[in-house]
>>> print(open('work21.cif').read())   # mmCIF, C-alpha atoms and all ligand atoms
data_upload
#
loop_
_atom_site.label_atom_id
_atom_site.label_comp_id
_atom_site.auth_asym_id
_atom_site.auth_seq_id
_atom_site.Cartn_x
_atom_site.Cartn_y
_atom_site.Cartn_z
CA MET V 1 -6.68 -0.45 -2.55
CA ARG V 2 -5.42 3.09 -2.45
CA LYS V 3 -7.34 6.21 -1.62
CA VAL V 4 -6.31 9.57 -3.08
CA LEU V 5 -7.35 13.21 -2.84
CA LEU V 6 -7.89 15.33 -5.95
CA CYS V 7 -9.14 18.88 -6.47
CA PRO V 8 -10.78 19.76 -9.78
CA PRO V 9 -9.32 22.55 -11.92
CA ASP V 10 -12.34 24.90 -11.97
CA TYR V 11 -10.11 27.83 -10.97
CA TYR V 12 -6.84 26.54 -12.37
CA GLY V 13 -4.68 28.81 -14.50
CA ILE V 14 -1.32 30.54 -14.68
CA GLU V 15 -1.93 33.66 -12.62
CA TYR V 16 1.56 34.20 -11.17
CA GLU V 17 5.06 32.85 -11.67
CA ILE V 18 6.58 30.94 -8.75
CA ASN V 19 8.64 28.39 -10.65
CA PRO V 20 10.49 28.49 -13.98
CA TRP V 21 7.71 26.60 -15.80
CA MET V 22 5.12 29.24 -15.15
CA ASN V 23 4.79 32.04 -17.68
CA LEU V 24 1.93 34.51 -17.50
CA GLU V 25 1.96 34.62 -21.28
CA HIS V 26 1.25 30.88 -21.56
CA ASN V 27 -1.97 30.37 -19.71
CA ALA V 28 -3.66 27.01 -19.56
CA ASP V 29 -6.64 26.18 -21.74
CA PRO V 30 -9.49 25.62 -19.24
CA LYS V 31 -11.32 23.03 -21.37
CA LEU V 32 -8.20 21.01 -22.05
CA ALA V 33 -7.16 21.25 -18.40
CA GLN V 34 -10.57 19.88 -17.35
CA ALA V 35 -10.26 17.03 -19.85
CA GLN V 36 -6.73 16.14 -18.72
CA TRP V 37 -7.71 16.24 -15.04
CA LEU V 38 -10.71 14.04 -15.79
CA GLY V 39 -8.40 11.66 -17.64
CA LEU V 40 -6.34 11.27 -14.48
CA HIS V 41 -9.43 11.00 -12.27
CA ASP V 42 -11.01 8.31 -14.44
CA LYS V 43 -7.78 6.35 -14.82
CA LEU V 44 -7.32 6.28 -11.04
CA LYS V 45 -10.90 5.03 -10.62
CA SER V 46 -10.56 2.43 -13.35
CA LEU V 47 -7.53 1.05 -11.51
CA GLY V 48 -9.64 0.58 -8.39
CA CYS V 49 -8.60 3.69 -6.46
CA THR V 50 -11.02 5.43 -4.13
CA VAL V 51 -10.94 9.02 -5.32
CA GLU V 52 -11.90 11.79 -2.88
CA VAL V 53 -12.62 15.10 -4.55
CA MET V 54 -12.47 18.35 -2.57
CA ALA V 55 -14.10 21.65 -3.48
CA PRO V 56 -11.85 24.00 -5.47
CA GLN V 57 -11.63 27.64 -4.40
CA PRO V 58 -11.63 30.79 -6.50
CA LYS V 59 -8.34 32.71 -6.67
CA LEU V 60 -6.34 29.63 -5.66
CA PRO V 61 -5.31 28.36 -9.10
CA ASP V 62 -2.67 25.90 -7.82
CA MET V 63 -5.01 24.14 -5.40
CA VAL V 64 -5.36 21.37 -8.00
CA PHE V 65 -1.89 20.25 -6.88
CA THR V 66 -3.10 18.41 -3.79
CA ALA V 67 0.25 16.64 -3.33
CA ASN V 68 1.33 19.90 -1.72
CA ALA V 69 -1.47 19.91 0.88
CA GLY V 70 0.60 17.98 3.37
CA LEU V 71 1.85 14.50 4.19
CA VAL V 72 -0.55 11.79 5.33
CA VAL V 73 0.72 8.86 7.40
CA GLY V 74 -1.99 6.67 8.90
CA ARG V 75 -4.67 9.08 10.14
CA GLN V 76 -2.16 11.88 10.70
CA PHE V 77 -2.08 14.83 8.34
CA ILE V 78 1.06 16.96 8.61
CA ARG V 79 -0.17 20.16 7.06
CA SER V 80 2.06 22.11 4.67
CA ASN V 81 3.31 25.62 5.30
CA PHE V 82 3.59 26.98 1.80
CA HIS V 83 6.69 28.89 0.84
CA PHE V 84 4.99 31.41 -1.44
CA PRO V 85 2.19 33.69 -0.25
CA GLN V 86 0.38 32.93 -3.53
CA ARG V 87 -0.33 29.41 -2.24
CA GLN V 88 -0.71 30.05 1.49
CA GLY V 89 -4.43 30.71 1.08
CA GLU V 90 -4.87 26.99 0.32
CA GLU V 91 -3.82 25.94 3.82
CA GLN V 92 -7.14 26.74 5.51
CA TYR V 93 -9.09 24.68 2.97
CA PHE V 94 -6.83 21.68 3.38
CA ASP V 95 -7.18 22.01 7.16
CA LYS V 96 -10.95 22.04 6.84
CA TRP V 97 -11.10 19.03 4.56
CA PHE V 98 -8.87 16.90 6.77
CA GLU V 99 -10.67 18.02 9.93
CA ALA V 100 -14.05 17.18 8.41
CA ASN V 101 -12.74 13.79 7.37
CA GLY V 102 -11.52 12.84 10.84
CA TYR V 103 -7.76 13.14 10.45
CA LYS V 104 -5.46 14.28 13.22
CA ILE V 105 -3.99 17.55 12.00
CA VAL V 106 -0.38 18.26 12.83
CA ARG V 107 0.88 21.77 12.20
CA LEU V 108 4.52 22.73 11.94
CA PRO V 109 5.73 26.00 13.48
CA ALA V 110 4.55 28.99 11.46
CA GLY V 111 7.09 30.08 8.90
CA LEU V 112 8.77 26.67 8.76
CA PHE V 113 8.19 25.88 5.11
CA PHE V 114 7.13 22.41 4.10
CA GLU V 115 5.27 21.50 0.91
CA GLY V 116 3.89 18.09 1.80
CA GLU V 117 4.11 14.99 -0.31
CA GLY V 118 5.59 17.11 -3.11
CA ASP V 119 8.79 17.13 -1.03
CA ALA V 120 8.40 14.03 1.16
CA LEU V 121 8.32 10.51 -0.26
CA PHE V 122 8.79 7.20 1.51
CA CYS V 123 11.00 4.66 -0.16
CA GLY V 124 10.79 1.56 2.00
CA GLU V 125 11.01 2.65 5.64
CA THR V 126 12.98 5.81 4.88
CA LEU V 127 11.39 9.20 4.23
CA PHE V 128 13.25 11.11 1.53
CA CYS V 129 12.71 14.86 1.72
CA GLY V 130 13.70 17.57 -0.72
CA TYR V 131 14.70 21.11 0.22
CA ARG V 132 16.01 24.40 -1.07
CA PHE V 133 13.37 25.86 -3.38
CA ARG V 134 10.26 25.21 -1.26
CA SER V 135 10.59 23.13 1.89
CA ASP V 136 13.05 24.23 4.56
CA ILE V 137 15.60 21.59 5.56
CA ARG V 138 14.70 22.27 9.21
CA SER V 139 11.18 21.02 8.58
CA HIS V 140 12.62 17.57 7.86
CA GLU V 141 13.95 17.23 11.40
CA ARG V 142 10.52 18.02 12.82
CA ILE V 143 8.87 15.51 10.55
CA GLY V 144 11.36 12.83 11.59
CA GLU V 145 10.48 13.55 15.24
CA ILE V 146 6.75 13.46 14.58
CA LEU V 147 6.83 10.25 12.56
CA LYS V 148 9.80 8.69 14.37
CA CYS V 149 11.37 7.57 11.15
CA LEU V 150 14.64 8.04 9.37
CA VAL V 151 14.59 11.13 7.16
CA ILE V 152 17.15 11.67 4.42
CA SER V 153 17.35 15.31 3.33
CA LEU V 154 18.15 15.82 -0.32
CA GLU V 155 19.15 19.17 -1.75
CA LEU V 156 17.48 19.93 -5.07
CA VAL V 157 19.84 21.76 -7.39
CA LEU V 158 17.82 22.40 -10.57
CA ASP V 159 15.14 25.07 -10.36
CA ARG V 160 12.98 23.23 -12.92
CA HIS V 161 12.88 20.32 -10.45
CA TYR V 162 11.96 22.42 -7.43
CA HIS V 163 9.93 19.70 -5.68
CA LEU V 164 11.23 16.21 -4.90
CA ASP V 165 8.32 14.58 -6.72
CA THR V 166 9.53 16.11 -9.99
CA CYS V 167 12.77 14.10 -9.88
CA PHE V 168 12.23 11.10 -7.57
CA CYS V 169 9.49 8.50 -7.52
CA PRO V 170 9.69 5.48 -5.20
CA LEU V 171 8.49 2.11 -6.45
CA PRO V 172 6.97 -0.62 -4.28
CA ASP V 173 9.80 -3.10 -4.89
CA GLY V 174 12.13 -0.74 -3.01
CA GLY V 175 13.41 0.83 -6.21
CA ALA V 176 12.73 4.28 -7.61
CA ILE V 177 12.57 6.33 -10.76
CA TRP V 178 14.85 9.36 -10.54
CA TYR V 179 16.60 12.09 -12.44
CA PRO V 180 20.14 12.11 -11.02
CA ALA V 181 21.11 15.59 -12.29
CA ALA V 182 18.47 17.16 -10.04
CA PHE V 183 20.56 16.24 -6.96
CA ASP V 184 24.01 17.23 -5.77
CA THR V 185 26.73 14.58 -5.46
CA TYR V 186 25.90 13.95 -1.80
CA GLY V 187 22.21 13.42 -2.64
CA GLN V 188 23.05 11.14 -5.53
CA ARG V 189 25.30 9.09 -3.25
CA ALA V 190 22.65 8.95 -0.52
CA ILE V 191 20.03 7.72 -2.98
CA ARG V 192 22.33 5.19 -4.64
CA HIS V 193 23.37 3.89 -1.23
CA ARG V 194 19.81 3.34 0.03
CA VAL V 195 17.77 2.57 -3.06
CA LYS V 196 18.43 -0.47 -5.19
CA ASN V 197 16.93 -0.88 -8.65
CA LEU V 198 17.12 2.77 -9.65
CA ILE V 199 15.60 3.64 -13.01
CA ASP V 200 17.13 6.79 -14.51
CA ALA V 201 14.92 9.20 -16.42
CA THR V 202 16.62 10.74 -19.45
CA PRO V 203 17.04 14.54 -19.40
CA GLU V 204 14.39 14.90 -22.13
CA GLU V 205 11.82 12.78 -20.33
CA ALA V 206 12.67 14.25 -16.91
CA GLY V 207 11.84 17.58 -18.56
CA ARG V 208 8.43 16.14 -19.46
CA PHE V 209 7.97 15.22 -15.78
CA ALA V 210 8.64 11.49 -16.23
CA CYS V 211 9.37 11.17 -12.50
CA ASN V 212 6.05 12.77 -11.57
CA ALA V 213 4.26 9.44 -11.59
CA VAL V 214 1.51 7.94 -9.44
CA VAL V 215 2.36 4.38 -8.47
CA LEU V 216 -0.44 1.95 -7.61
CA GLU V 217 1.33 -1.33 -6.99
CA ARG V 218 2.20 -2.48 -10.53
CA ASP V 219 0.35 0.31 -12.33
CA VAL V 220 2.24 3.54 -12.96
CA LEU V 221 0.46 6.67 -14.23
CA LEU V 222 2.95 8.96 -15.91
CA PRO V 223 2.84 11.91 -18.30
CA GLU V 224 2.80 11.06 -22.00
CA GLY V 225 5.96 11.60 -24.01
CA CYS V 226 8.11 9.31 -21.88
CA PRO V 227 8.54 6.15 -24.00
CA GLU V 228 11.98 5.32 -22.59
CA LEU V 229 10.69 5.28 -19.05
CA SER V 230 7.61 3.32 -20.09
CA LYS V 231 9.88 0.71 -21.65
CA ALA V 232 12.06 0.51 -18.55
CA LEU V 233 9.02 0.21 -16.28
CA SER V 234 7.61 -2.63 -18.38
CA ALA V 235 10.96 -4.41 -18.22
CA HIS V 236 10.76 -4.16 -14.41
CA GLY V 237 7.28 -5.73 -14.37
CA TYR V 238 5.22 -2.51 -14.09
CA ARG V 239 2.31 -1.42 -16.26
CA PRO V 240 2.84 2.16 -17.49
CA HIS V 241 -0.21 4.31 -18.33
CA ALA V 242 0.62 7.50 -20.24
CA LEU V 243 -1.64 10.49 -19.58
CA ALA V 244 -1.92 13.85 -21.35
CA MET V 245 -0.68 16.44 -18.85
CA GLY V 246 0.40 19.37 -21.03
CA GLU V 247 -1.85 21.95 -19.39
CA TYR V 248 -0.38 21.12 -15.98
CA LEU V 249 3.23 21.17 -17.16
CA LYS V 250 2.61 24.89 -17.78
CA ALA V 251 2.34 25.28 -14.00
CA GLY V 252 5.23 22.91 -13.29
CA GLY V 253 3.10 19.92 -12.38
CA ALA V 254 1.75 16.61 -13.68
CA CYS V 255 0.08 13.38 -12.48
CA LYS V 256 1.74 13.08 -9.10
CA CYS V 257 1.42 16.75 -8.18
CA LEU V 258 -2.32 16.45 -8.79
CA THR V 259 -2.65 13.46 -6.44
CA LEU V 260 -2.27 13.15 -2.68
CA LEU V 261 -2.13 9.66 -1.20
CA LEU V 262 -4.53 9.01 1.70
CA PRO V 263 -2.34 7.87 3.32
CA GLN V 264 1.06 7.71 1.67
CA ARG V 265 1.74 4.87 4.07
CA PRO V 266 0.08 3.27 7.09
CA ASP V 267 1.10 4.26 10.61
CA LEU V 268 4.76 3.60 11.32
N1 LIG L 1 2.49 25.84 -9.68
C1 LIG L 1 2.63 24.97 -8.55
C2 LIG L 1 3.72 25.52 -7.64
O1 LIG L 1 4.66 26.07 -8.14
C3 LIG L 1 2.96 23.58 -9.00
C4 LIG L 1 3.03 22.58 -7.90
C5 LIG L 1 3.48 21.23 -8.34
N2 LIG L 1 3.39 20.30 -7.30
C6 LIG L 1 4.26 19.32 -7.03
N3 LIG L 1 3.96 18.48 -6.09
N4 LIG L 1 5.41 19.22 -7.65
O2 LIG L 1 3.66 25.41 -6.43
#
>>> encode(input="work21.cif", output="structure tokens", more="lines below")
Ligand code: ARG
Amino acid sequence: MRKVLLCPPDYYGIEYEINPWMNLEHNADPKLAQAQWLGLHDKLKSLGCTVEVMAPQPKLPDMVFTANAGLVVGRQFIRSNFHFPQRQGEEQYFDKWFEANGYKIVRLPAGLFFEGEGDALFCGETLFCGYRFRSDIRSHERIGEILKCLVISLELVLDRHYHLDTCFCPLPDGGAIWYPAAFDTYGQRAIRHRVKNLIDATPEEAGRFACNAVVLERDVLLPEGCPELSKALSAHGYRPHALAMGEYLKAGGACKCLTLLLPQRPDL
């Protein structure tokens, strides 16, 4: 069964604007945010996941989005280098947690931006990595060297889909959920060429973060308000579970952004 890392939203809120979803005038409701986070936490547990919870830190409101901590493969943790100074303060706490939990920490050269699992998702044996808004394309090469795997770099073209996990979600049968318009024609071709069984999210549902799903074998946790995708997933033999995520959409995140897989995949 899967193990995941979450960070509770004690200090969560909209305190700066680093993506087009964030608006200082639309802050999150702390009570509702707690309830929605707990909804995710409890759903993961009820599906048999081991849920690790790390201590949140004051003044780091986006630390709830643990998918951006780094990328975990086997016992290796490739630590993120956050693009925006507003999130760089999180790095030391992720380092500490992974150190204390016996992972081998791999750091990329300083200043080489990489935002972890938010921009790096395995589909089969291939690691798909997003770049432009957050991760630097040059980080992908380093990650390919470290993991000795094939990395396909995908340029993200829509600022509302600034991380790969907002528009691409691999499925265990080798397929994926995706929102094609978030990629350029090369990226679309690369994905179509390598991934069979693609499920397209509609523009409306992609805008409700349909692709930001946590996949646990046949169970798929996705934000509510995505009935088309739920239908398609059921038709493909998956069990969709819709979760209220509205308070996190205000920061440009949802289920998957709040969840880091420990590991995303076993050693290569
Ligand atoms: N407000 C956060 C940011 O802009 C949201 C992060 C969402 N995480 C993700 N994996 N897509 O960095």
>>> residues_near_ligand(input="work21.cif", ligand="ligand LIG 1 (chain L)", cutoff="6 Å", atoms="only C-alpha atoms and all ligand atoms", output="NGL selection string")
:V and (18-19 or 62 or 65 or 67-68 or 118 or 163 or 165-166 or 251-253 or 257)
>>> write_last_selection(input="work21.cif", atoms="C-alpha atoms", output="PDB file, in the coordinates of the input")
ATOM      1  CA  ILE V  18       6.580  30.940  -8.750  1.00  0.00           C
ATOM      2  CA  ASN V  19       8.640  28.390 -10.650  1.00  0.00           C
ATOM      3  CA  ASP V  62      -2.670  25.900  -7.820  1.00  0.00           C
ATOM      4  CA  PHE V  65      -1.890  20.250  -6.880  1.00  0.00           C
ATOM      5  CA  ALA V  67       0.250  16.640  -3.330  1.00  0.00           C
ATOM      6  CA  ASN V  68       1.330  19.900  -1.720  1.00  0.00           C
ATOM      7  CA  GLY V 118       5.590  17.110  -3.110  1.00  0.00           C
ATOM      8  CA  HIS V 163       9.930  19.700  -5.680  1.00  0.00           C
ATOM      9  CA  ASP V 165       8.320  14.580  -6.720  1.00  0.00           C
ATOM     10  CA  THR V 166       9.530  16.110  -9.990  1.00  0.00           C
ATOM     11  CA  ALA V 251       2.340  25.280 -14.000  1.00  0.00           C
ATOM     12  CA  GLY V 252       5.230  22.910 -13.290  1.00  0.00           C
ATOM     13  CA  GLY V 253       3.100  19.920 -12.380  1.00  0.00           C
ATOM     14  CA  CYS V 257       1.420  16.750  -8.180  1.00  0.00           C
TER      15      CYS V 257
END
>>> residues_around(input="work21.cif", residues="Gly207 of chain V", least_positions_apart="2", cutoff="12 Å", atoms="only C-alpha atoms", output="short mmCIF file (atom, residue, chain, number, x, y, z; two decimals) with C-alpha atoms, in the coordinates of the input")
data_model
loop_
_atom_site.label_atom_id
_atom_site.label_comp_id
_atom_site.auth_asym_id
_atom_site.auth_seq_id
_atom_site.Cartn_x
_atom_site.Cartn_y
_atom_site.Cartn_z
CA PRO V 20 10.49 28.49 -13.98
CA TRP V 21 7.71 26.60 -15.80
CA LEU V 158 17.82 22.40 -10.57
CA ASP V 159 15.14 25.07 -10.36
CA ARG V 160 12.98 23.23 -12.92
CA HIS V 161 12.88 20.32 -10.45
CA THR V 166 9.53 16.11 -9.99
CA CYS V 167 12.77 14.10 -9.88
CA TRP V 178 14.85 9.36 -10.54
CA TYR V 179 16.60 12.09 -12.44
CA ALA V 181 21.11 15.59 -12.29
CA ALA V 182 18.47 17.16 -10.04
CA ALA V 201 14.92 9.20 -16.42
CA THR V 202 16.62 10.74 -19.45
CA PRO V 203 17.04 14.54 -19.40
CA GLU V 204 14.39 14.90 -22.13
CA GLU V 205 11.82 12.78 -20.33
CA PHE V 209 7.97 15.22 -15.78
CA ALA V 210 8.64 11.49 -16.23
CA CYS V 211 9.37 11.17 -12.50
CA ASN V 212 6.05 12.77 -11.57
CA PRO V 223 2.84 11.91 -18.30
CA GLU V 224 2.80 11.06 -22.00
CA GLY V 225 5.96 11.60 -24.01
CA CYS V 226 8.11 9.31 -21.88
CA GLY V 246 0.40 19.37 -21.03
CA LEU V 249 3.23 21.17 -17.16
CA LYS V 250 2.61 24.89 -17.78
CA GLY V 252 5.23 22.91 -13.29
CA GLY V 253 3.10 19.92 -12.38
CA ALA V 254 1.75 16.61 -13.68
#
>>> atom_distance(input="work21.cif", atom1="atom CA of Gly89 of chain V", atom2="atom CA of Gly13 of chain V")
15.7 Å
>>> residues_around(input="work21.cif", residues="segment 40-47 of chain V", least_positions_apart="5", cutoff="12 Å", atoms="only C-alpha atoms", output="JSON, numbers by chain")
{"V": [1, 2, 3, 4, 5, 6, 7, 8, 9, 33, 34, 35, 52, 53, 64, 213, 214, 215, 216, 217, 218, 219, 220, 221, 222, 223, 224, 239, 240, 241, 242, 243, 244, 245, 248, 254, 255, 256, 257, 258, 259, 260, 261]}
>>> axis_aligned_box(input="work21.cif", around="segment 53-66 of chain V", padding_each_side="4 Å", output="JSON")
{"center_x": -8.0, "center_y": 23.9, "center_z": -5.8, "size_x": 20.2, "size_y": 25.6, "size_z": 14.5}
>>> residues_around(input="work21.cif", residues="Gly102 of chain V", least_positions_apart="4", cutoff="9 Å", atoms="only C-alpha atoms", output="PyMOL selection string")
chain V and resi 75+97-98
>>> write_last_selection(input="work21.cif", atoms="C-alpha atoms", output="tab-separated table (two decimals), in the coordinates of the input")
chain	number	residue	atom	x	y	z
V	75	ARG	CA	-4.67	9.08	10.14
V	97	TRP	CA	-11.10	19.03	4.56
V	98	PHE	CA	-8.87	16.90	6.77
>>> atom_distance(input="work21.cif", atom1="atom CA of Leu121 of chain V", atom2="atom CA of Pro170 of chain V")
7.2 Å
>>> atom_distance(input="work21.cif", atom1="atom CA of Arg107 of chain V", atom2="atom CA of Pro56 of chain V")
21.9 Å
>>> closest_residue(input="work21.cif", among="V:Asp29, V:Asp184, V:Asp10, V:Glu115", to="Arg87 of chain V", atoms="only C-alpha atoms")
V:Glu115
>>> build_atoms(input="work21.cif", residues="segment 128-142 of chain V", atoms="N, CA, C and O atoms", output="mmCIF file, in the coordinates of the input")
data_model
loop_
_atom_site.group_PDB
_atom_site.id
_atom_site.type_symbol
_atom_site.label_atom_id
_atom_site.label_comp_id
_atom_site.auth_asym_id
_atom_site.auth_seq_id
_atom_site.Cartn_x
_atom_site.Cartn_y
_atom_site.Cartn_z
ATOM 1 N N PHE V 128 12.353 10.229 2.266
ATOM 2 C CA PHE V 128 13.250 11.110 1.530
ATOM 3 C C PHE V 128 12.564 12.471 1.380
ATOM 4 O O PHE V 128 11.408 12.544 0.957
ATOM 5 N N CYS V 129 13.295 13.515 1.752
ATOM 6 C CA CYS V 129 12.710 14.860 1.720
ATOM 7 C C CYS V 129 13.591 15.812 0.918
ATOM 8 O O CYS V 129 14.814 15.838 1.106
ATOM 9 N N GLY V 130 12.959 16.586 0.078
ATOM 10 C CA GLY V 130 13.700 17.570 -0.720
ATOM 11 C C GLY V 130 13.662 18.940 -0.058
ATOM 12 O O GLY V 130 12.716 19.271 0.661
ATOM 13 N N TYR V 131 14.692 19.738 -0.300
ATOM 14 C CA TYR V 131 14.700 21.110 0.220
ATOM 15 C C TYR V 131 15.460 22.010 -0.728
ATOM 16 O O TYR V 131 16.142 21.558 -1.636
ATOM 17 N N ARG V 132 15.328 23.249 -0.492
ATOM 18 C CA ARG V 132 16.010 24.400 -1.070
ATOM 19 C C ARG V 132 15.043 25.378 -1.703
ATOM 20 O O ARG V 132 14.990 26.504 -1.279
ATOM 21 N N PHE V 133 14.237 24.909 -2.682
ATOM 22 C CA PHE V 133 13.370 25.860 -3.380
ATOM 23 C C PHE V 133 12.081 26.113 -2.610
ATOM 24 O O PHE V 133 11.548 27.204 -2.625
ATOM 25 N N ARG V 134 11.556 25.098 -1.911
ATOM 26 C CA ARG V 134 10.260 25.210 -1.260
ATOM 27 C C ARG V 134 10.333 24.828 0.215
ATOM 28 O O ARG V 134 10.140 25.660 1.081
ATOM 29 N N SER V 135 10.551 23.544 0.488
ATOM 30 C CA SER V 135 10.590 23.130 1.890
ATOM 31 C C SER V 135 11.919 23.556 2.509
ATOM 32 O O SER V 135 12.955 23.579 1.835
ATOM 33 N N ASP V 136 11.855 23.874 3.800
ATOM 34 C CA ASP V 136 13.050 24.230 4.560
ATOM 35 C C ASP V 136 13.649 22.946 5.121
ATOM 36 O O ASP V 136 12.915 22.100 5.650
ATOM 37 N N ILE V 137 14.962 22.819 5.060
ATOM 38 C CA ILE V 137 15.600 21.590 5.560
ATOM 39 C C ILE V 137 15.258 21.362 7.044
ATOM 40 O O ILE V 137 15.149 20.231 7.499
ATOM 41 N N ARG V 138 15.012 22.445 7.782
ATOM 42 C CA ARG V 138 14.700 22.270 9.210
ATOM 43 C C ARG V 138 13.327 21.646 9.433
ATOM 44 O O ARG V 138 13.056 21.111 10.504
ATOM 45 N N SER V 139 12.476 21.694 8.425
ATOM 46 C CA SER V 139 11.180 21.020 8.580
ATOM 47 C C SER V 139 11.365 19.505 8.611
ATOM 48 O O SER V 139 10.590 18.778 9.236
ATOM 49 N N HIS V 140 12.419 19.023 7.957
ATOM 50 C CA HIS V 140 12.620 17.570 7.860
ATOM 51 C C HIS V 140 12.860 16.961 9.241
ATOM 52 O O HIS V 140 12.405 15.863 9.539
ATOM 53 N N GLU V 141 13.633 17.717 10.063
ATOM 54 C CA GLU V 141 13.950 17.230 11.400
ATOM 55 C C GLU V 141 12.653 17.072 12.207
ATOM 56 O O GLU V 141 12.455 16.074 12.890
ATOM 57 N N ARG V 142 11.789 18.081 12.089
ATOM 58 C CA ARG V 142 10.520 18.020 12.820
ATOM 59 C C ARG V 142 9.686 16.831 12.368
ATOM 60 O O ARG V 142 9.061 16.137 13.177
#
